[in-house]
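Colleague: Take a look at protein.txt, compact mmCIF, C-alpha atoms:
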```txt
# COMPACT_ATOMS: atom_id res chain seq x y z
CA MET A 1 -38.77 -150.37 1.16
CA SER A 2 -40.67 -148.44 -1.50
CA LYS A 3 -44.23 -147.14 -1.02
CA GLN A 4 -45.58 -149.79 -3.37
CA GLU A 5 -43.74 -152.56 -1.51
CA ARG A 6 -45.04 -151.25 1.85
CA LYS A 7 -48.57 -151.14 0.46
CA GLU A 8 -48.32 -154.72 -0.81
CA GLN A 9 -46.92 -155.84 2.56
CA ILE A 10 -49.89 -154.36 4.44
CA LEU A 11 -52.41 -155.85 2.00
CA SER A 12 -50.69 -159.25 2.22
CA ILE A 13 -51.03 -159.25 6.02
CA TYR A 14 -54.73 -158.43 5.66
CA ARG A 15 -55.27 -161.14 3.03
CA THR A 16 -53.62 -163.72 5.29
CA LEU A 17 -55.71 -162.62 8.26
CA ASN A 18 -58.87 -162.74 6.16
CA GLU A 19 -58.08 -166.24 4.89
CA GLN A 20 -57.46 -167.50 8.42
CA LEU A 21 -60.67 -165.94 9.76
CA SER A 22 -62.70 -167.39 6.87
CA GLN A 23 -61.69 -170.89 8.02
CA ILE A 24 -63.87 -170.46 11.12
CA ASP A 25 -67.26 -172.04 10.44
CA VAL A 26 -69.43 -169.99 12.79
CA PRO A 27 -72.70 -171.96 12.31
CA ALA A 28 -70.82 -175.19 13.12
CA LEU A 29 -69.83 -173.82 16.53
CA LYS A 30 -73.38 -174.56 17.65
CA THR A 31 -72.59 -178.29 17.68
CA GLN A 32 -69.43 -177.83 19.74
CA PHE A 33 -70.35 -175.19 22.32
CA ASN A 34 -73.42 -174.33 24.35
CA ARG A 35 -74.83 -170.79 24.42
CA GLU A 36 -72.95 -169.73 27.57
CA GLU A 37 -69.64 -171.01 26.17
CA LEU A 38 -70.19 -169.16 22.89
CA ALA A 39 -71.02 -165.95 24.75
CA GLU A 40 -67.79 -166.32 26.74
CA LEU A 41 -65.81 -166.98 23.54
CA ASN A 42 -67.28 -163.87 21.96
CA ARG A 43 -66.30 -161.77 24.98
CA GLU A 44 -62.73 -163.10 24.85
CA ILE A 45 -62.49 -162.38 21.10
CA TYR A 46 -63.73 -158.83 21.76
CA GLU A 47 -61.15 -158.34 24.51
CA LEU A 48 -58.37 -159.29 22.06
CA LYS A 49 -59.29 -156.09 20.15
CA VAL A 50 -58.20 -157.39 16.76
CA ALA A 51 -56.20 -154.67 15.03
CA GLU A 52 -58.07 -154.69 11.71
CA PRO A 53 -61.02 -152.43 12.59
CA SER A 54 -58.76 -150.20 14.68
CA ILE A 55 -56.25 -149.74 11.86
CA ARG A 56 -58.98 -148.89 9.36
CA LYS A 57 -60.32 -146.30 11.81
CA GLU A 58 -56.85 -144.88 12.44
CA ILE A 59 -56.13 -144.65 8.70
CA HIS A 60 -59.47 -142.90 8.16
CA GLU A 61 -58.71 -140.42 10.95
CA LEU A 62 -55.24 -139.84 9.49
CA THR A 63 -56.64 -139.09 6.02
CA GLU A 64 -59.20 -136.70 7.53
CA GLN A 65 -56.40 -134.91 9.40
CA MET A 66 -54.32 -134.68 6.21
CA LYS A 67 -57.35 -133.35 4.32
CA LYS A 68 -57.76 -130.54 6.85
CA GLU A 69 -54.06 -129.72 6.59
CA GLU A 70 -54.43 -129.52 2.80
CA ARG A 71 -57.71 -127.58 3.00
CA PRO A 72 -57.75 -125.34 6.09
CA GLN A 73 -61.19 -124.10 4.96
CA LEU A 74 -62.58 -127.31 6.46
CA LEU A 75 -61.86 -125.90 9.90
CA GLY A 76 -64.12 -122.91 9.23
CA VAL A 77 -67.54 -122.23 7.73
CA TYR A 78 -67.94 -123.87 4.31
CA ARG A 79 -71.18 -125.88 4.14
CA PHE A 80 -73.24 -122.67 4.25
CA PRO A 81 -70.71 -119.96 3.23
CA ILE A 82 -73.29 -117.21 3.73
CA ILE A 83 -72.99 -117.76 7.50
CA ASN A 84 -69.60 -116.01 7.26
CA GLU A 85 -71.53 -112.78 6.62
CA ILE A 86 -73.17 -112.81 10.08
CA ASP A 87 -71.54 -109.93 11.96
CA PHE A 88 -73.04 -110.49 15.41
CA LEU A 89 -71.75 -114.01 16.14
CA SER A 90 -68.24 -115.09 17.09
CA GLN A 91 -66.26 -117.20 14.61
CA GLU A 92 -66.63 -120.19 16.93
CA SER A 93 -70.43 -119.82 16.96
CA LYS A 94 -70.53 -119.50 13.17
CA VAL A 95 -68.52 -122.73 12.78
CA LEU A 96 -70.85 -124.52 15.22
CA LEU A 97 -73.93 -123.19 13.41
CA ASP A 98 -72.57 -124.32 10.03
CA LYS A 99 -71.89 -127.79 11.47
CA GLU A 100 -75.33 -127.97 13.13
CA LEU A 101 -77.30 -127.06 10.00
CA ALA A 102 -75.26 -129.59 7.98
CA LYS A 103 -76.97 -132.39 9.95
CA TYR A 104 -80.15 -131.77 7.95
CA ASN A 105 -81.33 -131.47 4.36
CA THR A 106 -84.32 -130.00 2.55
CA ASN A 107 -86.20 -133.31 2.74
CA GLN A 108 -86.19 -133.16 6.53
CA SER A 109 -88.37 -130.90 8.61
CA GLY A 110 -89.01 -129.77 12.11
CA PHE A 111 -85.61 -129.47 13.72
CA PRO A 112 -84.47 -127.34 16.67
CA ILE A 113 -81.14 -125.52 16.95
CA ASP A 114 -79.34 -125.85 20.27
CA ILE A 115 -78.96 -122.56 22.14
CA HIS A 116 -75.31 -123.27 23.10
CA ILE A 117 -74.33 -122.58 19.48
CA PHE A 118 -75.37 -118.97 20.03
CA GLU A 119 -73.15 -118.50 23.07
CA GLY A 120 -76.04 -119.44 25.35
CA SER A 121 -78.06 -116.35 24.41
CA GLU A 122 -81.75 -116.60 23.44
CA GLU A 123 -81.52 -113.09 21.99
CA LEU A 124 -78.64 -114.07 19.69
CA LYS A 125 -80.46 -117.27 18.72
CA LYS A 126 -83.60 -115.37 17.72
CA LYS A 127 -81.56 -112.79 15.81
CA ALA A 128 -79.56 -115.46 13.96
CA ILE A 129 -82.66 -117.47 13.01
CA GLU A 130 -84.36 -114.33 11.70
CA TRP A 131 -81.20 -113.54 9.71
CA LEU A 132 -81.08 -117.06 8.23
CA ILE A 133 -84.77 -116.88 7.27
CA GLU A 134 -84.23 -113.50 5.62
CA LYS A 135 -81.27 -114.95 3.66
CA ASP A 136 -83.43 -117.91 2.57
CA VAL A 137 -81.31 -120.52 4.35
CA LEU A 138 -84.13 -121.50 6.73
CA HIS A 139 -87.89 -121.19 6.64
CA ILE A 140 -90.65 -121.66 9.18
CA GLN A 141 -92.91 -124.67 8.97
CA TYR A 142 -96.24 -125.29 10.67
CA HIS A 143 -96.89 -128.87 11.79
CA THR A 144 -100.36 -129.96 12.87
CA GLU A 145 -102.73 -132.92 12.76
CA CYS A 146 -106.42 -133.71 12.75
CA PRO A 147 -107.87 -132.65 16.13
CA ALA A 148 -110.72 -135.18 16.15
CA ASP A 149 -110.49 -137.42 19.24
CA ASP A 150 -112.16 -140.33 17.45
CA CYS A 151 -110.01 -140.16 14.31
CA CYS A 152 -108.46 -143.59 13.73
CA ASP A 153 -105.93 -142.33 11.19
CA PRO A 154 -105.29 -138.64 11.85
CA ARG A 155 -103.93 -136.66 8.93
CA TYR A 156 -100.64 -134.89 9.64
CA LEU A 157 -100.01 -131.61 7.84
CA VAL A 158 -96.75 -129.78 7.19
CA LEU A 159 -96.98 -126.30 5.67
CA THR A 160 -94.45 -123.54 5.22
CA LYS A 161 -95.44 -120.22 6.75
CA LYS A 162 -95.93 -118.82 3.23
CA GLU A 163 -98.15 -121.75 2.20
CA PHE A 164 -100.21 -121.46 5.37
CA LEU A 165 -100.83 -117.72 4.96
CA GLU A 166 -101.62 -118.00 1.24
CA GLU A 167 -104.04 -120.90 1.75
CA GLN A 168 -105.67 -119.14 4.70
CA VAL A 169 -106.24 -115.95 2.68
CA LYS A 170 -107.75 -117.95 -0.21
CA TYR A 171 -110.05 -119.88 2.12
CA ILE A 172 -111.28 -116.86 4.08
CA GLN A 173 -111.78 -114.71 1.00
CA ALA A 174 -113.79 -117.47 -0.72
CA ARG A 175 -115.95 -118.05 2.39
CA ASN A 176 -116.55 -114.35 2.91
CA PHE A 177 -117.49 -113.81 -0.71
CA LEU A 178 -119.98 -116.69 -0.74
CA GLU A 179 -121.58 -115.38 2.45
CA SER A 180 -121.92 -111.88 1.02
CA TYR A 181 -123.13 -113.29 -2.32
CA ASN A 182 -126.21 -114.77 -0.65
CA LYS A 183 -127.21 -111.29 0.51
CA LEU A 184 -127.05 -109.74 -2.97
CA SER A 185 -130.01 -108.99 -5.19
CA GLU A 186 -130.73 -111.28 -8.11
CA GLU A 187 -129.30 -108.73 -10.54
CA GLU A 188 -126.11 -108.37 -8.51
CA ARG A 189 -125.76 -112.13 -8.32
CA GLU A 190 -125.88 -112.40 -12.08
CA GLU A 191 -123.09 -109.82 -12.36
CA LYS A 192 -120.93 -111.69 -9.88
CA TRP A 193 -121.72 -115.22 -11.03
CA ASP A 194 -118.16 -115.85 -12.31
CA GLU A 195 -116.70 -114.78 -8.95
CA HIS A 196 -119.24 -117.02 -7.23
CA TYR A 197 -118.19 -119.98 -9.36
CA ASP A 198 -114.47 -119.34 -8.71
CA SER A 199 -115.01 -118.99 -4.97
CA GLU A 200 -117.00 -122.23 -4.79
CA ARG A 201 -114.30 -124.05 -6.75
CA ILE A 202 -111.52 -122.68 -4.49
CA LEU A 203 -113.43 -123.69 -1.37
CA GLU A 204 -114.18 -127.18 -2.69
CA GLU A 205 -110.55 -127.74 -3.70
CA LEU A 206 -109.20 -126.56 -0.35
CA GLU A 207 -111.70 -128.61 1.63
CA GLU A 208 -110.80 -131.69 -0.42
CA ASP A 209 -107.06 -131.04 -0.01
CA TYR A 210 -107.48 -130.73 3.77
CA ARG A 211 -109.94 -133.54 4.34
CA CYS A 212 -108.99 -136.24 6.82
CA GLU A 213 -109.89 -139.95 6.81
CA CYS A 214 -112.54 -139.20 9.41
CA GLU A 215 -114.05 -136.64 6.98
CA GLU A 216 -113.06 -133.81 9.30
CA ASN A 217 -112.87 -130.48 7.43
CA LEU A 218 -109.33 -129.55 8.40
CA ALA A 219 -109.32 -126.43 6.21
CA LYS A 220 -112.16 -124.92 8.23
CA ASN A 221 -110.51 -125.88 11.52
CA LEU A 222 -107.13 -124.63 10.40
CA PHE A 223 -107.89 -121.45 8.48
CA LEU A 224 -111.19 -120.23 9.87
CA LYS A 225 -111.72 -121.54 13.39
CA ASN A 226 -107.98 -121.55 14.28
CA ASN A 227 -108.66 -124.39 16.72
CA MET A 228 -105.85 -126.65 15.53
CA HIS A 229 -102.58 -126.55 17.44
CA LEU A 230 -99.75 -125.36 15.22
CA ASP A 231 -96.27 -126.54 16.11
CA VAL A 232 -93.84 -123.96 14.71
CA ARG A 233 -90.55 -125.48 13.53
CA LEU A 234 -87.54 -124.68 11.35
CA ALA A 235 -86.51 -126.34 8.08
CA LEU A 236 -83.74 -125.89 5.53
CA THR A 237 -84.48 -124.02 2.32
CA LYS A 238 -81.03 -124.82 0.87
CA ASN A 239 -78.99 -127.99 1.23
CA PRO A 240 -75.49 -127.89 2.74
CA ASP A 241 -72.54 -127.88 0.33
CA PHE A 242 -70.24 -130.83 1.04
CA SER A 243 -68.16 -130.48 -2.13
CA LEU A 244 -65.08 -129.40 -0.16
CA GLU A 245 -65.15 -132.67 1.82
CA LYS A 246 -65.08 -134.90 -1.25
CA ASN A 247 -61.90 -136.67 -2.41
```
Represent the supplied structure as structure tokens.
Modeller:
Amino acid sequence: MSKQERKEQILSIYRTLNEQLSQIDVPALKTQFNREELAELNREIYELKVAEPSIRKEIHELTEQMKKEERPQLLGVYRFPIINEIDFLSQESKVLLDKELAKYNTNQSGFPIDIHIFEGSEELKKKAIEWLIEKDVLHIQYHTECPADDCCDPRYLVLTKKEFLEEQVKYIQARNFLESYNKLSEEEREEKWDEHYDSERILEELEEDYRCECEENLAKNLFLKNNMHLDVRLALTKNPDFSLEKN
């Protein structure tokens, strides 16, 4: 039997099975069986373990196995090739790390990395995360929300570490300048009027950007008072490369 003939034989069996199954009018069973009888019928059908889903799964697993035989790279680090450059982790840990990071993408945020990937060592985990941040694979995010107890719709904020520090510097510098400006002489104020205008604009924009529904000034709480809890998390800077898995 040729490959084409074998293929047609398999498809013919499936077409016949599909035609036979399509003759079962499921909604009509309601008029013939009560709920308990239908539940029992469903259990018996399940116990028959019809081959169709199993065969599809087995064929899929077979093609995946063949793909790995054709491309042995799939057994190693390939989604984030740069991980291969880490010289303080075992090959097994690098493969696990590559697989773990591939669960996420740049649109997702706030994920942990299991310590077992780093051979159960907190020290190795910290070192690897620092390495990945330095190589621009990961970055730190700050997650926080409006601290007001009576806020009915608390605003949730997600900022990268860089964004947080830059916004904080802008806010504090603008506040400090405006405070010092009020202590200047009239002549000095005239000289620094442009700086005064810029600082007021920066402050207004930041306070508007970080205003919650309850009118809480989140910028002040976040950048000046530091009384908002910051949940430090990791996020991907680069997406995994799945090109090797295609086809």
Colleague: If we count only C-alpha atoms and set the cut-off at 10 Å, which residues sit around His143 in chain A, ignoring sequence neighbours fewer than 2 positions away in its own chain? Please answer as a PyMOL selection string.
Modeller: chain A and resi 109-110+140-141+145+156-160+228-233
Colleague: With a distance cut-off of 7 Å and all atoms listed in the file, select the neighbouring residues of range 89-98 of chain A, excluding the residue or stretch itself and same-chain residues fewer than 2 positions from it, and output the selection as a PyMOL selection string.
Modeller: chain A and resi 76-77+79-80+83-84+86-87+100-102+117-119
Colleague: Using all atoms listed in the file, determine which residues lie at most 10 Å from Leu138 in chain A, disregarding the query and same-chain residues fewer than 5 positions distant; provide the list as a PyMOL selection string.
Modeller: chain A and resi 101+106+129-133+234-239
Colleague: Given the choices A:Gln168, A:Gln4, A:Thr16, A:Gln108, which gets closest to Asn226 in chain A if the distance is worked out from all atoms listed in the file?
Modeller: A:Gln168
Colleague: Could you tell me which of A:Ile45, A:Val137, A:Cys212, A:Leu62 comes closest to Pro81 in chain A if we count all atoms listed in the file?
Modeller: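 Distance minimum relative to Pro81 in chain A lands on A:Val137.
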Colleague: Please, what distance in Å, to one decimal, runs between CA of Phe164 in chain A and CA of Glu204 in chain A?
Modeller: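 CA of Glu204 in chain A lies 17.1 Å from CA of Phe164 in chain A.
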Colleague: Please measure the separation of CA of Lys225 in chain A and CA of Glu200 in chain A, giving the value in Å to one decimal.
Modeller: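 Separating CA of Lys225 in chain A from CA of Glu200 in chain A is a distance of 18.9 Å.
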Colleague: Just how far from CA of His60 in chain A is CA of Gln9 in chain A, in Å to one decimal?
Modeller: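 For CA of Gln9 in chain A relative to CA of His60 in chain A, the distance reads 18.9 Å.
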Colleague: Excluding same-chain residues fewer than 5 positions from Glu208 in chain A, what lies within 9 Å of it counting only C-alpha atoms, as number ranges by chain?
Modeller: A: 203, 217, 219
Colleague: Selected residues, C-alpha atoms, written as a short mmCIF file (atom, residue, chain, number, x, y, z; two decimals), in the coordinates of the input, please.
Modeller:
```cif
data_model
loop_
_atom_site.label_atom_id
_atom_site.label_comp_id
_atom_site.auth_asym_id
_atom_site.auth_seq_id
_atom_site.Cartn_x
_atom_site.Cartn_y
_atom_site.Cartn_z
CA LEU A 203 -113.43 -123.69 -1.37
CA ASN A 217 -112.87 -130.48 7.43
CA ALA A 219 -109.32 -126.43 6.21
#
```
Colleague: Point out the residue among A:Asp153, A:Arg71, A:Glu216, A:Phe88 with the least atom-to-atom distance to Lys127 in chain A, counting all atoms listed in the file.
Modeller: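 Closest to Lys127 in chain A, using all atoms listed in the file: A:Phe88.
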Colleague: Using all atoms listed in the file, can you tell me which of A:Glu205, A:Ile82, A:Leu21, A:Glu191 comes closest to Glu134 in chain A?
Modeller: A:Ile82
Colleague: Could you add N, CA and C atoms to range 79-94 of chain A and give me the result as a PDB file, in the frame of the given file?
Modeller:
```pdb
ATOM      1  N   ARG A  79     -69.974-125.178   4.620  1.00  0.00           N
ATOM      2  CA  ARG A  79     -71.180-125.880   4.140  1.00  0.00           C
ATOM      3  C   ARG A  79     -72.262-124.868   3.761  1.00  0.00           C
ATOM      4  N   PHE A  80     -72.353-123.798   4.542  1.00  0.00           N
ATOM      5  CA  PHE A  80     -73.240-122.670   4.250  1.00  0.00           C
ATOM      6  C   PHE A  80     -72.384-121.395   4.288  1.00  0.00           C
ATOM      7  N   PRO A  81     -71.651-121.094   3.216  1.00  0.00           N
ATOM      8  CA  PRO A  81     -70.710-119.960   3.230  1.00  0.00           C
ATOM      9  C   PRO A  81     -71.334-118.638   3.648  1.00  0.00           C
ATOM     10  N   ILE A  82     -72.623-118.468   3.402  1.00  0.00           N
ATOM     11  CA  ILE A  82     -73.290-117.210   3.730  1.00  0.00           C
ATOM     12  C   ILE A  82     -73.234-116.905   5.227  1.00  0.00           C
ATOM     13  N   ILE A  83     -73.070-117.948   6.053  1.00  0.00           N
ATOM     14  CA  ILE A  83     -72.990-117.760   7.500  1.00  0.00           C
ATOM     15  C   ILE A  83     -71.799-116.867   7.868  1.00  0.00           C
ATOM     16  N   ASN A  84     -70.766-116.876   7.011  1.00  0.00           N
ATOM     17  CA  ASN A  84     -69.600-116.010   7.260  1.00  0.00           C
ATOM     18  C   ASN A  84     -69.985-114.536   7.300  1.00  0.00           C
ATOM     19  N   GLU A  85     -71.114-114.185   6.690  1.00  0.00           N
ATOM     20  CA  GLU A  85     -71.530-112.780   6.620  1.00  0.00           C
ATOM     21  C   GLU A  85     -72.212-112.293   7.903  1.00  0.00           C
ATOM     22  N   ILE A  86     -72.548-113.213   8.822  1.00  0.00           N
ATOM     23  CA  ILE A  86     -73.170-112.810  10.080  1.00  0.00           C
ATOM     24  C   ILE A  86     -72.152-112.013  10.900  1.00  0.00           C
ATOM     25  N   ASP A  87     -72.497-110.796  11.253  1.00  0.00           N
ATOM     26  CA  ASP A  87     -71.540-109.930  11.960  1.00  0.00           C
ATOM     27  C   ASP A  87     -71.787-109.820  13.458  1.00  0.00           C
ATOM     28  N   PHE A  88     -72.737-110.590  13.979  1.00  0.00           N
ATOM     29  CA  PHE A  88     -73.040-110.490  15.410  1.00  0.00           C
ATOM     30  C   PHE A  88     -72.765-111.787  16.166  1.00  0.00           C
ATOM     31  N   LEU A  89     -72.149-112.761  15.477  1.00  0.00           N
ATOM     32  CA  LEU A  89     -71.750-114.010  16.140  1.00  0.00           C
ATOM     33  C   LEU A  89     -70.233-114.150  16.086  1.00  0.00           C
ATOM     34  N   SER A  90     -69.678-114.816  17.079  1.00  0.00           N
ATOM     35  CA  SER A  90     -68.240-115.090  17.090  1.00  0.00           C
ATOM     36  C   SER A  90     -67.939-116.123  16.010  1.00  0.00           C
ATOM     37  N   GLN A  91     -66.662-116.223  15.614  1.00  0.00           N
ATOM     38  CA  GLN A  91     -66.260-117.200  14.610  1.00  0.00           C
ATOM     39  C   GLN A  91     -66.565-118.621  15.087  1.00  0.00           C
ATOM     40  N   GLU A  92     -66.346-118.866  16.375  1.00  0.00           N
ATOM     41  CA  GLU A  92     -66.630-120.190  16.930  1.00  0.00           C
ATOM     42  C   GLU A  92     -68.103-120.540  16.782  1.00  0.00           C
ATOM     43  N   SER A  93     -68.977-119.588  17.073  1.00  0.00           N
ATOM     44  CA  SER A  93     -70.430-119.820  16.960  1.00  0.00           C
ATOM     45  C   SER A  93     -70.831-120.051  15.513  1.00  0.00           C
ATOM     46  N   LYS A  94     -70.206-119.330  14.589  1.00  0.00           N
ATOM     47  CA  LYS A  94     -70.530-119.500  13.170  1.00  0.00           C
ATOM     48  C   LYS A  94     -70.128-120.893  12.683  1.00  0.00           C
TER      49      LYS A  94
END
```
